[in-house]
Amino acid sequence: MEYTKEELIEAKRQIDSTLHKLREVIKTFESKENPARYKSQITLAKRRVQAFEIANYFIIKQIEGK
């Protein structure tokens, strides 16, 4: 599937925004009084961060034409 450079840039912008929010969620859960209680939410958020970072990597490569 082909995407325009503008579509890729917008997708990257949206992913960056989501990454920022996810990282804040992780900080919030880890700073709670009993972070072990939120272990599954923290794990899920960290896995999502990793997935979005991978997507961002490939979007950047596509934008750069590599």
# chains A, B, ... in the order shown; residues from 1 in each chain; ligands from 1
$ residues_around --residues "Ala11 (chain A)" --least-positions-apart "3" --cutoff "12 Å" --atoms "only C-alpha atoms" --output "VMD selection string"
chain A and resid 3 to 8 14 to 18 52 55 to 60 62 to 63
$ write_last_selection --atoms "C-alpha atoms" --output "mmCIF file, in the first residue's frame"
data_model
loop_
_atom_site.group_PDB
_atom_site.id
_atom_site.type_symbol
_atom_site.label_atom_id
_atom_site.label_comp_id
_atom_site.auth_asym_id
_atom_site.auth_seq_id
_atom_site.Cartn_x
_atom_site.Cartn_y
_atom_site.Cartn_z
ATOM 1 C CA TYR A 3 0.926 6.529 1.229
ATOM 2 C CA THR A 4 1.752 10.123 0.448
ATOM 3 C CA LYS A 5 4.529 11.854 2.323
ATOM 4 C CA GLU A 6 1.905 14.067 3.973
ATOM 5 C CA GLU A 7 -0.050 11.022 5.176
ATOM 6 C CA LEU A 8 3.116 9.509 6.633
ATOM 7 C CA GLN A 14 -0.295 11.067 15.729
ATOM 8 C CA ILE A 15 2.001 8.273 16.908
ATOM 9 C CA ASP A 16 4.287 10.786 18.640
ATOM 10 C CA SER A 17 1.269 12.221 20.454
ATOM 11 C CA THR A 18 0.093 8.772 21.516
ATOM 12 C CA PHE A 52 4.466 2.496 18.314
ATOM 13 C CA ALA A 55 5.904 1.805 13.646
ATOM 14 C CA ASN A 56 7.559 5.220 13.945
ATOM 15 C CA TYR A 57 10.884 3.744 12.861
ATOM 16 C CA PHE A 58 9.382 2.356 9.665
ATOM 17 C CA ILE A 59 7.445 5.537 8.956
ATOM 18 C CA ILE A 60 10.653 7.568 9.252
ATOM 19 C CA GLN A 62 9.602 5.466 4.393
ATOM 20 C CA ILE A 63 9.614 9.270 4.597
#
$ atom_distance --atom1 "CA of Pro35 (chain A)" --atom2 "CA of His20 (chain A)"
20.0 Å
$ atom_distance --atom1 "CA of Lys12 (chain A)" --atom2 "CA of Val25 (chain A)"
19.7 Å
$ closest_residue --among "A:Glu10, A:Lys61, A:Leu19, A:Glu33" --to "Arg48 (chain A)" --atoms "only C-alpha atoms"
A:Leu19
$ select_by_dssp --residues "chain A" --states "alpha helix (DSSP H)" --output "NGL selection string"
:A and (5-30 or 39-64)
$ decode --residues "region 27-44 of chain A" --atoms "N, CA, C and O atoms" --output "CSV table (one decimal), in the first residue's frame"
chain,number,residue,atom,x,y,z
A,27,LYS,N,4.3,6.6,33.8
A,27,LYS,CA,4.8,7.4,34.9
A,27,LYS,C,3.8,7.5,36.0
A,27,LYS,O,4.1,7.3,37.2
A,28,THR,N,2.5,7.7,35.7
A,28,THR,CA,1.4,7.9,36.6
A,28,THR,C,1.2,6.5,37.4
A,28,THR,O,1.2,6.5,38.6
A,29,PHE,N,1.1,5.4,36.7
A,29,PHE,CA,0.9,4.2,37.3
A,29,PHE,C,2.1,3.8,38.2
A,29,PHE,O,2.0,3.3,39.3
A,30,GLU,N,3.3,4.0,37.7
A,30,GLU,CA,4.5,3.7,38.5
A,30,GLU,C,4.7,4.5,39.7
A,30,GLU,O,5.4,4.1,40.7
A,31,SER,N,4.1,5.7,39.7
A,31,SER,CA,4.2,6.6,40.9
A,31,SER,C,3.1,6.4,41.9
A,31,SER,O,3.2,7.0,43.0
A,32,LYS,N,2.2,5.5,41.6
A,32,LYS,CA,1.1,5.3,42.6
A,32,LYS,C,1.7,4.6,43.9
A,32,LYS,O,2.8,4.1,43.9
A,33,GLU,N,0.8,4.7,44.9
A,33,GLU,CA,1.3,4.1,46.2
A,33,GLU,C,1.6,2.6,46.1
A,33,GLU,O,2.6,2.2,46.7
A,34,ASN,N,0.8,1.9,45.3
A,34,ASN,CA,1.1,0.4,45.2
A,34,ASN,C,1.1,0.1,43.7
A,34,ASN,O,0.2,-0.4,43.1
A,35,PRO,N,2.3,0.4,43.0
A,35,PRO,CA,2.4,0.2,41.6
A,35,PRO,C,2.2,-1.3,41.2
A,35,PRO,O,1.8,-1.5,40.0
A,36,ALA,N,2.4,-2.2,42.0
A,36,ALA,CA,2.2,-3.6,41.7
A,36,ALA,C,0.8,-3.9,41.4
A,36,ALA,O,0.5,-4.8,40.5
A,37,ARG,N,-0.1,-3.2,41.9
A,37,ARG,CA,-1.5,-3.3,41.7
A,37,ARG,C,-1.8,-3.0,40.2
A,37,ARG,O,-2.8,-3.5,39.6
A,38,TYR,N,-1.0,-2.2,39.6
A,38,TYR,CA,-1.2,-1.8,38.2
A,38,TYR,C,-0.3,-2.5,37.2
A,38,TYR,O,-0.1,-2.0,36.1
A,39,LYS,N,0.3,-3.6,37.6
A,39,LYS,CA,1.3,-4.3,36.8
A,39,LYS,C,0.8,-4.6,35.4
A,39,LYS,O,1.5,-4.3,34.4
A,40,SER,N,-0.4,-5.1,35.2
A,40,SER,CA,-0.9,-5.4,33.9
A,40,SER,C,-1.1,-4.2,33.0
A,40,SER,O,-0.8,-4.2,31.8
A,41,GLN,N,-1.6,-3.1,33.6
A,41,GLN,CA,-1.7,-1.9,32.8
A,41,GLN,C,-0.4,-1.3,32.4
A,41,GLN,O,-0.2,-0.8,31.3
A,42,ILE,N,0.6,-1.4,33.3
A,42,ILE,CA,1.9,-0.9,33.0
A,42,ILE,C,2.6,-1.7,31.9
A,42,ILE,O,3.1,-1.2,31.0
A,43,THR,N,2.4,-3.0,32.0
A,43,THR,CA,3.0,-3.9,31.0
A,43,THR,C,2.3,-3.6,29.6
A,43,THR,O,3.0,-3.5,28.6
A,44,LEU,N,1.0,-3.5,29.6
A,44,LEU,CA,0.3,-3.2,28.4
A,44,LEU,C,0.8,-1.9,27.8
A,44,LEU,O,1.1,-1.8,26.6
